[in-house]
Structures are given as C-alpha cells and as structure tokens.
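Data file: protein-v2.txt. Format and content: compact mmCIF, C-alpha atoms.
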```
# COMPACT_ATOMS: atom_id res chain seq x y z
CA MET A 177 -40.18 74.70 9.39
CA THR A 178 -42.71 77.51 9.73
CA ASN A 179 -46.08 76.30 11.01
CA VAL A 180 -48.57 76.93 8.21
CA SER A 181 -51.63 75.81 10.16
CA LYS A 182 -52.74 79.41 10.74
CA ILE A 183 -52.74 80.04 6.98
CA LEU A 184 -54.79 76.89 6.40
CA GLU A 185 -57.26 77.97 9.09
CA TRP A 186 -57.59 81.54 7.80
CA ARG A 187 -60.98 82.59 6.45
CA PRO A 188 -61.71 85.73 4.43
CA PRO A 189 -64.09 88.49 5.53
CA ALA A 190 -67.79 87.75 5.25
CA ASP A 191 -68.29 90.12 2.31
CA TRP A 192 -65.87 88.20 0.08
CA LEU A 193 -67.45 85.77 -2.41
CA GLU A 194 -66.10 82.21 -2.19
CA ILE A 195 -66.21 80.05 -5.32
CA LYS A 196 -65.04 76.43 -5.43
CA THR A 197 -64.06 74.72 -8.68
CA ILE A 198 -62.63 71.55 -10.11
CA ASP A 199 -60.16 72.13 -12.94
CA VAL A 200 -59.89 69.68 -15.82
CA HIS A 201 -58.25 69.60 -19.21
CA THR A 202 -59.57 67.83 -22.30
CA GLY A 203 -56.76 67.21 -24.75
CA GLY A 204 -54.95 70.18 -23.23
CA GLU A 205 -57.93 72.56 -23.36
CA PRO A 206 -58.74 73.90 -19.86
CA LEU A 207 -62.10 73.63 -18.14
CA ARG A 208 -62.95 75.20 -14.79
CA ILE A 209 -66.14 73.64 -13.41
CA ILE A 210 -67.88 75.66 -10.70
CA ILE A 211 -69.03 73.26 -7.98
CA ASP A 212 -70.00 75.62 -5.16
CA GLY A 213 -70.65 79.30 -4.45
CA TYR A 214 -72.31 80.42 -7.68
CA PRO A 215 -75.65 82.18 -7.07
CA LEU A 216 -78.91 80.46 -8.01
CA LEU A 217 -79.96 81.37 -11.53
CA SER A 218 -83.56 82.25 -12.36
CA GLY A 219 -85.31 80.99 -15.49
CA GLU A 220 -87.04 77.85 -16.72
CA THR A 221 -84.76 77.11 -19.67
CA ILE A 222 -80.98 76.94 -19.96
CA LEU A 223 -81.06 79.96 -22.28
CA GLU A 224 -83.04 81.92 -19.68
CA LYS A 225 -80.59 80.89 -16.97
CA ARG A 226 -77.71 81.91 -19.23
CA GLN A 227 -79.34 85.32 -19.74
CA CYS A 228 -79.65 85.67 -15.97
CA ALA A 229 -75.93 84.89 -15.62
CA LYS A 230 -75.10 87.51 -18.27
CA GLU A 231 -77.22 90.21 -16.72
CA ASN A 232 -76.55 89.64 -13.02
CA PHE A 233 -73.39 87.62 -12.43
CA ASP A 234 -71.03 88.33 -15.30
CA TYR A 235 -68.51 89.68 -12.79
CA ILE A 236 -67.99 86.09 -11.62
CA ARG A 237 -67.23 84.94 -15.17
CA LYS A 238 -64.68 87.74 -15.53
CA ALA A 239 -63.11 87.00 -12.16
CA LEU A 240 -62.68 83.27 -12.89
CA MET A 241 -61.88 83.32 -16.61
CA LEU A 242 -59.62 86.36 -16.85
CA GLU A 243 -56.40 87.23 -15.04
CA PRO A 244 -55.24 86.98 -12.28
CA ARG A 245 -57.18 83.73 -11.62
CA GLY A 246 -57.46 82.69 -15.26
CA HIS A 247 -55.94 83.66 -18.60
CA ALA A 248 -56.89 84.58 -22.15
CA ASP A 249 -57.66 80.97 -23.08
CA MET A 250 -59.49 79.83 -19.95
CA TYR A 251 -62.85 78.10 -20.29
CA GLY A 252 -65.52 77.42 -17.68
CA ALA A 253 -68.80 75.71 -16.88
CA ILE A 254 -71.67 76.60 -14.56
CA ILE A 255 -73.76 73.62 -13.46
CA THR A 256 -77.50 74.31 -13.14
CA GLU A 257 -80.79 72.54 -12.64
CA PRO A 258 -81.85 70.71 -15.83
CA GLU A 259 -84.36 72.14 -18.28
CA THR A 260 -85.90 68.81 -19.30
CA ASN A 261 -87.09 65.85 -17.27
CA GLU A 262 -84.68 63.57 -19.13
CA ALA A 263 -81.53 65.46 -18.15
CA ASP A 264 -79.44 64.96 -15.02
CA PHE A 265 -78.35 68.61 -14.92
CA GLY A 266 -77.83 71.71 -17.05
CA VAL A 267 -74.61 73.42 -18.14
CA ILE A 268 -73.79 76.98 -19.12
CA PHE A 269 -70.44 77.44 -20.89
CA MET A 270 -68.28 80.56 -20.51
CA HIS A 271 -65.00 81.96 -21.79
CA ASN A 272 -62.98 85.17 -22.12
CA ASP A 273 -65.65 86.97 -24.15
CA GLY A 274 -68.91 85.73 -22.69
CA TYR A 275 -70.98 82.56 -23.01
CA SER A 276 -71.00 79.94 -25.77
CA THR A 277 -73.89 77.81 -27.02
CA GLY A 278 -72.16 74.44 -27.07
CA CYS A 279 -68.82 72.96 -26.10
CA GLY A 280 -67.65 69.42 -26.78
CA HIS A 281 -64.43 69.54 -24.79
CA ALA A 282 -66.42 70.73 -21.76
CA VAL A 283 -68.96 67.91 -22.16
CA ILE A 284 -66.12 65.36 -22.21
CA GLY A 285 -64.44 67.03 -19.22
CA ILE A 286 -67.66 67.18 -17.19
CA THR A 287 -68.48 63.56 -18.01
CA LYS A 288 -65.04 62.42 -16.85
CA THR A 289 -65.22 64.50 -13.67
CA PHE A 290 -68.76 63.67 -12.58
CA VAL A 291 -68.29 59.93 -13.07
CA GLU A 292 -64.72 59.73 -11.73
CA THR A 293 -65.59 61.62 -8.53
CA GLY A 294 -68.75 59.62 -7.89
CA LEU A 295 -71.21 62.47 -8.39
CA VAL A 296 -72.82 60.19 -10.97
CA LYS A 297 -73.03 56.47 -10.12
CA LYS A 298 -70.25 54.66 -11.96
CA ASP A 299 -71.33 51.74 -14.13
CA GLU A 300 -68.99 49.51 -16.12
CA PRO A 301 -68.31 49.32 -18.97
CA GLU A 302 -70.17 52.56 -19.68
CA THR A 303 -71.94 55.23 -17.65
CA ARG A 304 -74.57 57.42 -19.27
CA ILE A 305 -75.07 61.12 -18.46
CA ARG A 306 -77.70 63.43 -19.91
CA MET A 307 -77.30 67.21 -19.81
CA ASP A 308 -79.15 70.25 -21.10
CA VAL A 309 -76.91 72.88 -22.70
CA PRO A 310 -77.73 76.13 -24.57
CA SER A 311 -77.62 74.40 -27.97
CA GLY A 312 -79.89 71.52 -26.91
CA HIS A 313 -79.87 68.16 -25.16
CA ILE A 314 -76.64 66.14 -24.96
CA THR A 315 -76.16 62.50 -24.01
CA SER A 316 -72.65 61.48 -23.02
CA PHE A 317 -71.06 58.20 -21.99
CA ALA A 318 -68.02 57.55 -19.82
CA GLN A 319 -66.04 54.44 -20.73
CA VAL A 320 -65.07 52.75 -17.46
CA GLU A 321 -62.41 50.08 -16.98
CA ASP A 322 -61.45 48.68 -13.56
CA GLY A 323 -63.22 51.60 -11.90
CA ASN A 324 -61.40 54.27 -13.93
CA VAL A 325 -62.84 56.54 -16.62
CA ILE A 326 -60.57 56.06 -19.63
CA SER A 327 -62.50 58.12 -22.20
CA ALA A 328 -65.83 59.77 -22.88
CA ARG A 329 -68.07 60.15 -25.90
CA PHE A 330 -71.13 62.29 -26.52
CA ILE A 331 -74.00 62.43 -28.96
CA ASN A 332 -74.16 66.00 -30.22
CA VAL A 333 -77.05 68.17 -31.33
CA PRO A 334 -78.13 68.22 -35.00
CA SER A 335 -75.26 69.63 -37.05
CA PHE A 336 -75.59 71.02 -40.56
CA VAL A 337 -73.99 72.93 -43.39
CA GLU A 338 -75.04 76.52 -44.06
CA LEU A 339 -72.63 77.30 -46.93
CA LEU A 340 -70.16 75.30 -49.00
CA ASP A 341 -67.30 76.91 -50.94
CA ALA A 342 -68.36 80.45 -50.07
CA GLN A 343 -65.92 83.34 -50.54
CA ILE A 344 -65.21 86.42 -48.48
CA GLU A 345 -62.85 89.36 -49.01
CA VAL A 346 -60.63 89.67 -45.97
CA THR A 347 -58.43 92.73 -45.43
CA ASN A 348 -54.73 91.88 -45.89
CA HIS A 349 -55.59 88.36 -47.10
CA GLY A 350 -57.69 88.83 -50.23
CA LYS A 351 -60.47 86.43 -51.15
CA ILE A 352 -60.77 83.47 -48.79
CA LYS A 353 -62.82 80.35 -49.53
CA TYR A 354 -64.70 78.91 -46.56
CA ASP A 355 -67.50 76.57 -45.49
CA LEU A 356 -70.00 77.70 -42.87
CA ALA A 357 -71.40 74.94 -40.65
CA PHE A 358 -73.08 74.45 -37.27
CA GLY A 359 -72.02 71.80 -34.77
CA GLY A 360 -73.46 73.31 -31.59
CA ALA A 361 -72.03 76.67 -32.63
CA TYR A 362 -71.31 78.22 -36.04
CA TYR A 363 -67.83 77.93 -37.54
CA ALA A 364 -66.14 79.22 -40.68
CA ILE A 365 -63.97 76.35 -41.91
CA VAL A 366 -60.93 77.36 -43.96
CA ASN A 367 -58.12 75.35 -45.55
CA ALA A 368 -54.85 76.35 -43.88
CA ASP A 369 -53.00 75.79 -47.18
CA SER A 370 -54.46 79.14 -48.31
CA PHE A 371 -51.88 80.90 -46.12
CA ASP A 372 -48.12 81.09 -46.13
CA LEU A 373 -47.93 80.09 -42.49
CA GLU A 374 -47.23 76.94 -40.50
CA PHE A 375 -50.20 76.36 -38.21
CA GLU A 376 -48.02 75.44 -35.26
CA PRO A 377 -47.93 76.66 -31.62
CA GLU A 378 -44.99 78.99 -32.27
CA ASN A 379 -47.16 80.98 -34.71
CA VAL A 380 -50.19 81.23 -32.43
CA ASN A 381 -50.36 85.04 -32.47
CA GLU A 382 -50.45 85.16 -36.27
CA ILE A 383 -53.05 82.37 -36.30
CA ILE A 384 -55.24 84.36 -33.91
CA ASP A 385 -54.96 87.49 -36.06
CA ILE A 386 -55.93 85.68 -39.26
CA GLY A 387 -58.74 83.77 -37.56
CA MET A 388 -60.24 86.92 -36.08
CA ASP A 389 -59.87 88.82 -39.37
CA ILE A 390 -61.87 86.11 -41.12
CA LYS A 391 -64.45 85.93 -38.35
CA ARG A 392 -65.02 89.69 -38.33
CA SER A 393 -65.23 89.85 -42.14
CA ILE A 394 -67.89 87.15 -42.28
CA MET A 395 -69.85 88.65 -39.40
CA ASN A 396 -69.91 91.98 -41.23
CA LYS A 397 -71.23 90.41 -44.46
CA ILE A 398 -73.27 87.33 -43.55
CA ASN A 399 -76.54 87.31 -41.62
CA ILE A 400 -76.52 84.01 -39.75
CA ILE A 401 -79.98 82.68 -38.86
CA HIS A 402 -80.26 79.41 -36.97
CA PRO A 403 -83.36 77.46 -38.08
CA THR A 404 -84.89 77.11 -34.60
CA GLU A 405 -83.06 79.24 -32.03
CA PRO A 406 -82.17 82.96 -32.45
CA GLU A 407 -79.69 82.72 -29.55
CA MET A 408 -77.40 80.77 -31.92
CA ASN A 409 -77.31 83.48 -34.61
CA PHE A 410 -73.62 84.33 -34.44
CA LEU A 411 -70.29 83.10 -35.75
CA TYR A 412 -68.37 81.55 -32.87
CA GLY A 413 -65.03 80.83 -34.49
CA THR A 414 -62.75 80.11 -37.42
CA ILE A 415 -61.41 76.60 -37.98
CA PHE A 416 -58.27 76.05 -40.04
CA THR A 417 -57.93 72.56 -41.48
CA SER A 418 -54.77 70.94 -42.79
CA LYS A 419 -53.04 67.60 -43.21
CA SER A 420 -52.36 65.82 -39.96
CA LYS A 421 -48.87 65.64 -38.50
CA ASN A 422 -49.58 62.08 -37.35
CA LYS A 423 -50.24 60.04 -40.49
CA SER A 424 -52.68 57.78 -38.63
CA ASN A 425 -55.03 60.76 -38.11
CA HIS A 426 -57.46 62.09 -40.70
CA SER A 427 -56.50 65.78 -40.49
CA ARG A 428 -55.68 68.71 -38.24
CA ASN A 429 -58.13 71.21 -36.70
CA VAL A 430 -56.93 74.60 -35.41
CA CYS A 431 -59.78 76.62 -33.95
CA VAL A 432 -59.76 80.34 -33.08
CA PHE A 433 -62.92 81.24 -31.17
CA ALA A 434 -64.51 83.81 -28.85
CA ASN A 435 -62.18 86.81 -28.47
CA GLY A 436 -59.08 85.20 -29.95
CA GLU A 437 -58.94 82.02 -27.89
CA VAL A 438 -57.11 79.08 -29.46
CA ASP A 439 -58.48 75.65 -28.65
CA ARG A 440 -55.84 73.22 -27.43
CA SER A 441 -58.24 70.35 -28.18
CA PRO A 442 -59.58 69.56 -31.67
CA THR A 443 -62.88 71.31 -30.63
CA GLY A 444 -65.88 69.03 -30.08
CA THR A 445 -68.45 71.31 -31.68
CA GLY A 446 -65.90 72.13 -34.38
CA VAL A 447 -65.27 68.54 -35.45
CA SER A 448 -69.07 68.08 -35.40
CA ALA A 449 -69.43 70.95 -37.87
CA ARG A 450 -66.66 69.42 -39.96
CA ALA A 451 -68.40 66.03 -39.89
CA ALA A 452 -71.50 67.72 -41.33
CA VAL A 453 -69.37 69.23 -44.11
CA HIS A 454 -67.55 65.98 -44.94
CA TYR A 455 -70.84 64.08 -44.96
CA ALA A 456 -72.49 66.64 -47.25
CA ARG A 457 -69.56 66.23 -49.65
CA GLU A 458 -69.80 62.43 -49.40
CA GLU A 459 -66.24 62.32 -48.04
CA ILE A 460 -67.29 60.18 -45.06
CA LYS A 461 -70.03 57.57 -44.75
CA LEU A 462 -72.64 56.98 -42.08
CA GLY A 463 -70.89 55.39 -39.10
CA GLU A 464 -67.38 56.04 -40.44
CA ALA A 465 -65.09 57.37 -37.71
CA VAL A 466 -62.25 59.80 -38.38
CA THR A 467 -59.66 61.01 -35.89
CA ILE A 468 -58.81 64.70 -35.97
CA GLU A 469 -55.82 66.23 -34.18
CA SER A 470 -55.43 69.64 -32.55
CA ILE A 471 -52.70 72.25 -32.74
CA ILE A 472 -50.86 70.40 -29.94
CA GLY A 473 -51.55 66.90 -31.30
CA SER A 474 -54.38 65.79 -28.99
CA THR A 475 -57.22 63.98 -30.76
CA PHE A 476 -61.00 63.58 -30.98
CA THR A 477 -62.66 60.86 -33.01
CA VAL A 478 -65.89 61.92 -34.75
CA SER A 479 -68.49 60.05 -36.75
CA VAL A 480 -71.95 60.67 -38.19
CA ILE A 481 -74.34 58.20 -36.55
CA GLU A 482 -77.65 59.43 -37.93
CA GLU A 483 -79.24 61.64 -40.55
CA THR A 484 -81.93 64.11 -39.47
CA LYS A 485 -83.57 67.43 -40.34
CA ILE A 486 -83.54 70.76 -38.54
CA GLY A 487 -85.79 73.38 -40.05
CA GLN A 488 -85.12 73.46 -43.79
CA TYR A 489 -81.67 71.88 -43.43
CA ASN A 490 -80.52 68.32 -43.93
CA ALA A 491 -78.55 67.63 -40.77
CA VAL A 492 -76.55 64.89 -39.08
CA ILE A 493 -76.11 63.66 -35.52
CA PRO A 494 -72.37 63.49 -34.75
CA GLN A 495 -70.71 61.41 -32.06
CA VAL A 496 -67.41 62.66 -30.59
CA LEU A 497 -64.93 60.63 -28.52
CA GLY A 498 -62.05 62.02 -26.45
CA THR A 499 -60.27 61.96 -23.11
CA ALA A 500 -59.95 64.34 -20.17
CA ASN A 501 -57.93 64.61 -16.95
CA ILE A 502 -58.75 66.13 -13.58
CA ILE A 503 -55.92 68.45 -12.55
CA GLY A 504 -56.99 70.27 -9.40
CA LYS A 505 -59.54 71.62 -6.94
CA ASN A 506 -59.59 75.34 -6.18
CA THR A 507 -61.14 77.74 -3.71
CA PHE A 508 -61.23 81.29 -5.08
CA TRP A 509 -62.08 84.42 -3.14
CA ILE A 510 -63.38 87.60 -4.72
CA ASP A 511 -62.68 90.69 -2.62
CA PRO A 512 -65.17 93.42 -3.63
CA LEU A 513 -62.50 96.08 -2.99
CA ASP A 514 -59.88 94.40 -5.19
CA ALA A 515 -60.27 96.22 -8.54
CA LYS A 516 -57.63 94.20 -10.43
CA GLY A 517 -59.04 90.98 -9.00
CA GLN A 518 -62.30 91.58 -10.86
CA GLY A 519 -60.57 90.36 -14.03
CA PHE A 520 -58.41 91.77 -16.83
CA LEU A 521 -56.45 90.54 -19.85
CA LEU A 522 -52.88 91.39 -20.80
CA ARG A 523 -51.95 89.72 -24.04
```
Please lay out the structure from this file as structure tokens.
Amino acid sequence: MTNVSKILEWRPPADWLEIKTIDVHTGGEPLRIIIDGYPLLSGETILEKRQCAKENFDYIRKALMLEPRGHADMYGAIITEPETNEADFGVIFMHNDGYSTGCGHAVIGITKTFVETGLVKKDEPETRIRMDVPSGHITSFAQVEDGNVISARFINVPSFVELLDAQIEVTNHGKIKYDLAFGGAYYAIVNADSFDLEFEPENVNEIIDIGMDIKRSIMNKINIIHPTEPEMNFLYGTIFTSKSKNKSNHSRNVCVFANGEVDRSPTGTGVSARAAVHYAREEIKLGEAVTIESIIGSTFTVSVIEETKIGQYNAVIPQVLGTANIIGKNTFWIDPLDAKGQGFLLR
C-alpha cells in the first residue's frame, strides 16, 4: 500500500487561509460550525459583528457555503463573543445568499455539538446553554441520558403574527392567500393545497420556483417593519403547509428560504412563526405541543409556553424540540489564487 504519511504531513503555503469546522445535521438540514480560523469580528452587538462579517469577510461565507466546498443548500454558523453578560457565546448564521437573523435548526445543532464534545460542561438530565443571535437571546437545553445528548430544545424569541388571510397576486399562480408571521425571521405561510403539486422531494425544483415567486411578489408589495429591530425588515422565506404523511404528526412544513434553499428540517424559526399563527387562531392552547414534519419526514415539536408583547403586537414565546447528529470535522484551505475555489453555484 502507498504510504500516505507525506500527504497527512503536508501543509499549505502560508498565504492560504485555514478554516476548521464541525459539520452537523439537524433532521437532515446541514450545519457547518466554524471552530477555528475565522478572523476576529469587531462590534459590540451581534448585529454589529454580523455587519463586520458582511463587509469584510463575506468571501469566507462564499467559500464555505457554496461549491466546491458546499452546495446550494448549505448552512453555517460563526461563533463569536457574546453580546450580553447572560450568554455563553454569540452566533451569526449564514447561507447561500448571506446572513439570516435566526435559525432553530442551527441552535439545536450547536447545542448538541457543544455539549456532546465537552465544550460546555455536560449535566444530566439537562444542560443549559445561552446564546446571543441576531434576532435576540436564546436559551437552549440539551437532554442528556447516560452521557449522551439525545435531543435539544430551545426557548425562542418573541414570535408574532403580522397578517392573517392576506392575499397577493403571484405571476403564473393568480391570487394566493397567505399568513405573514415572525418566528426569529419573517415567513409567508401558504397552504400547499392551493397548488396542483405534491410537495415531495421529487418536485423540489417546482417547489423552489413557486416559493420564490411568492416571496418576490410579497417583497415587492409589502413593507415589512419589525417592531424593534430594522435589521429584521425582510421576508426570509415561504412555508408551505399540508397534512402530515405520518398520521401521528400535526402537519407538514416545507420551507423555501434565502436564495431558493429548501430546509430538510421542519425549520425551527418557521414552526415558531406557525405556532404564533395557530395560537392567534385559537387552534392550539398554551402549553400544547404539536409535532410538525419536514419534506423528508424529520420532526420538530413546538409549543407556546408564554404570552408576551413586542411593540404593538401580541406575541408568544415558542419552545422547539428536535434532534441533531455530528457527522464530521473538516479542515478547509482557501488558496487566494484559486478563482473557482472562492465559491460558485451550479444548479
């Protein structure tokens, strides 16, 4: 057998950037957590740090999220110093089109990873983690049995309904009825029965097209204004709801977000927005848990644990429960002379 020790010992030139990550999936949705090599971000708040990342280091996002190291549906997290004294750390979320305000699947994945690897001291039966994210402060809990993290739950930011039963004219689809709600990011929530299409993996390209058509139509017509934070003033995605395939689940959630990404998980911020809608319609009660499945059948369980206010809105505090798995550790090198290695998409 060829001796591979020289390959293992090889080191790139000094001008190449080295980034180390741990890769995780939450219900099938990928998460690439940067653990070493990312430059120090300036700014006092998470939003200021995120702006610094946008303005100065977006080439790293592109290199790690896009091809050839990533793909059109890759998702990532940058770990930072916390903004508040209560938090253990801060998180900036990123994807194929930039940076998001909140991400439930990433919170679950980070909680699993940090507790499982010992970065956070493991306590049974539950380990608490507190993190600052662009949409606010998140508390998460890892459920630990016999030293293993079996699931994670998090208490989300105040979630609320902006519009119920609104209508929008969408090119090629006519008038579409939707709800607009915030669960850490804004979503247009649409009943999948409005379309002559099975919302299954084999139809993912058609689902993306419809989801982006709806998103663009609403963005062109509706001026979204978050009650406290202008950085949140944009529509993040379209959620299609339908009957669940598994009769023991409440319903199905198919989310198209960012630049046509499809969430393999049920979407943590998405089910939080849905919980706000169901609660406003009195379809779920305080403390009632419902399990929502994704396009591939993975599940999150969401409940409303508290009523609150945010600005002029009646809001709720959702809790989301799910599972994640660690799948690998990577060392990536970015050669400044490698043009294609800076990131591209071929869909």
Name the residues in contact with stretch 498-508 of chain A at a cut-off of 9 Å, using only C-alpha atoms, excluding same-chain residues fewer than 3 positions from it; report them as a PyMOL selection string. chain A and resi 193-204+240+245+281+284-289+292+325-329+444+474-477
Export of the given selection (C-alpha atoms) as a JSON list (two decimals), in the frame of the given file:
```json
[["chain", "number", "residue", "atom", "x", "y", "z"],
["A", 193, "LEU", "CA", -67.45, 85.77, -2.41],
["A", 194, "GLU", "CA", -66.10, 82.21, -2.19],
["A", 195, "ILE", "CA", -66.21, 80.05, -5.32],
["A", 196, "LYS", "CA", -65.04, 76.43, -5.43],
["A", 197, "THR", "CA", -64.06, 74.72, -8.68],
["A", 198, "ILE", "CA", -62.63, 71.55, -10.11],
["A", 199, "ASP", "CA", -60.16, 72.13, -12.94],
["A", 200, "VAL", "CA", -59.89, 69.68, -15.82],
["A", 201, "HIS", "CA", -58.25, 69.60, -19.21],
["A", 202, "THR", "CA", -59.57, 67.83, -22.30],
["A", 203, "GLY", "CA", -56.76, 67.21, -24.75],
["A", 204, "GLY", "CA", -54.95, 70.18, -23.23],
["A", 240, "LEU", "CA", -62.68, 83.27, -12.89],
["A", 245, "ARG", "CA", -57.18, 83.73, -11.62],
["A", 281, "HIS", "CA", -64.43, 69.54, -24.79],
["A", 284, "ILE", "CA", -66.12, 65.36, -22.21],
["A", 285, "GLY", "CA", -64.44, 67.03, -19.22],
["A", 286, "ILE", "CA", -67.66, 67.18, -17.19],
["A", 287, "THR", "CA", -68.48, 63.56, -18.01],
["A", 288, "LYS", "CA", -65.04, 62.42, -16.85],
["A", 289, "THR", "CA", -65.22, 64.50, -13.67],
["A", 292, "GLU", "CA", -64.72, 59.73, -11.73],
["A", 325, "VAL", "CA", -62.84, 56.54, -16.62],
["A", 326, "ILE", "CA", -60.57, 56.06, -19.63],
["A", 327, "SER", "CA", -62.50, 58.12, -22.20],
["A", 328, "ALA", "CA", -65.83, 59.77, -22.88],
["A", 329, "ARG", "CA", -68.07, 60.15, -25.90],
["A", 444, "GLY", "CA", -65.88, 69.03, -30.08],
["A", 474, "SER", "CA", -54.38, 65.79, -28.99],
["A", 475, "THR", "CA", -57.22, 63.98, -30.76],
["A", 476, "PHE", "CA", -61.00, 63.58, -30.98],
["A", 477, "THR", "CA", -62.66, 60.86, -33.01]]
```
Contacts of A:Ser424 within 12 Å, all atoms listed in the file, excl. fewer than 4 positions in-chain, as a ChimeraX atom specification: /A:419-420,428,466-469,473,475,477
Write a file of the selected residues as a PDB file, in the coordinates of the input, keeping C-alpha atoms.
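As written to disk, out36.pdb reads:
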```pdb
ATOM      1  CA  LYS A 419     -53.040  67.600 -43.210  1.00  0.00           C
ATOM      2  CA  SER A 420     -52.360  65.820 -39.960  1.00  0.00           C
ATOM      3  CA  ARG A 428     -55.680  68.710 -38.240  1.00  0.00           C
ATOM      4  CA  VAL A 466     -62.250  59.800 -38.380  1.00  0.00           C
ATOM      5  CA  THR A 467     -59.660  61.010 -35.890  1.00  0.00           C
ATOM      6  CA  ILE A 468     -58.810  64.700 -35.970  1.00  0.00           C
ATOM      7  CA  GLU A 469     -55.820  66.230 -34.180  1.00  0.00           C
ATOM      8  CA  GLY A 473     -51.550  66.900 -31.300  1.00  0.00           C
ATOM      9  CA  THR A 475     -57.220  63.980 -30.760  1.00  0.00           C
ATOM     10  CA  THR A 477     -62.660  60.860 -33.010  1.00  0.00           C
TER      11      THR A 477
END
```
In Å to one decimal, how far is atom CA of A:Ile384 from atom CA of A:Asn272? 14.1 Å
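Ranking A:Ile401, A:Val430, A:Leu184, A:Ile209 by their shortest atom-to-atom distance to A:Ile471, with all atoms listed in the file included, puts A:Val430 first.
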Each residue of stretch 370-485 of chain A with at least one atom at most 12 Å from stretch 211-226 of chain A should appear once, together with its nearest atom pair and the corresponding distance in Å (one decimal); atoms considered: only C-alpha atoms; ordering: chain, then increasing residue number; output as a tab-separated table.
```
residue	atom	partner	partner_atom	distance
A:Glu405	CA	A:Leu223	CA	10.0
A:Pro406	CA	A:Leu223	CA	10.7
A:Glu407	CA	A:Leu223	CA	7.9
A:Met408	CA	A:Leu223	CA	10.3
```
The distance between atom CA of A:Val492 and atom CA of A:Val447 is 12.4 Å
Using only C-alpha atoms, find the one residue out of A:Tyr362, A:Phe269, A:Phe410, A:Phe416 that sits nearest to A:Asp308.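 Closest candidate: A:Phe269.
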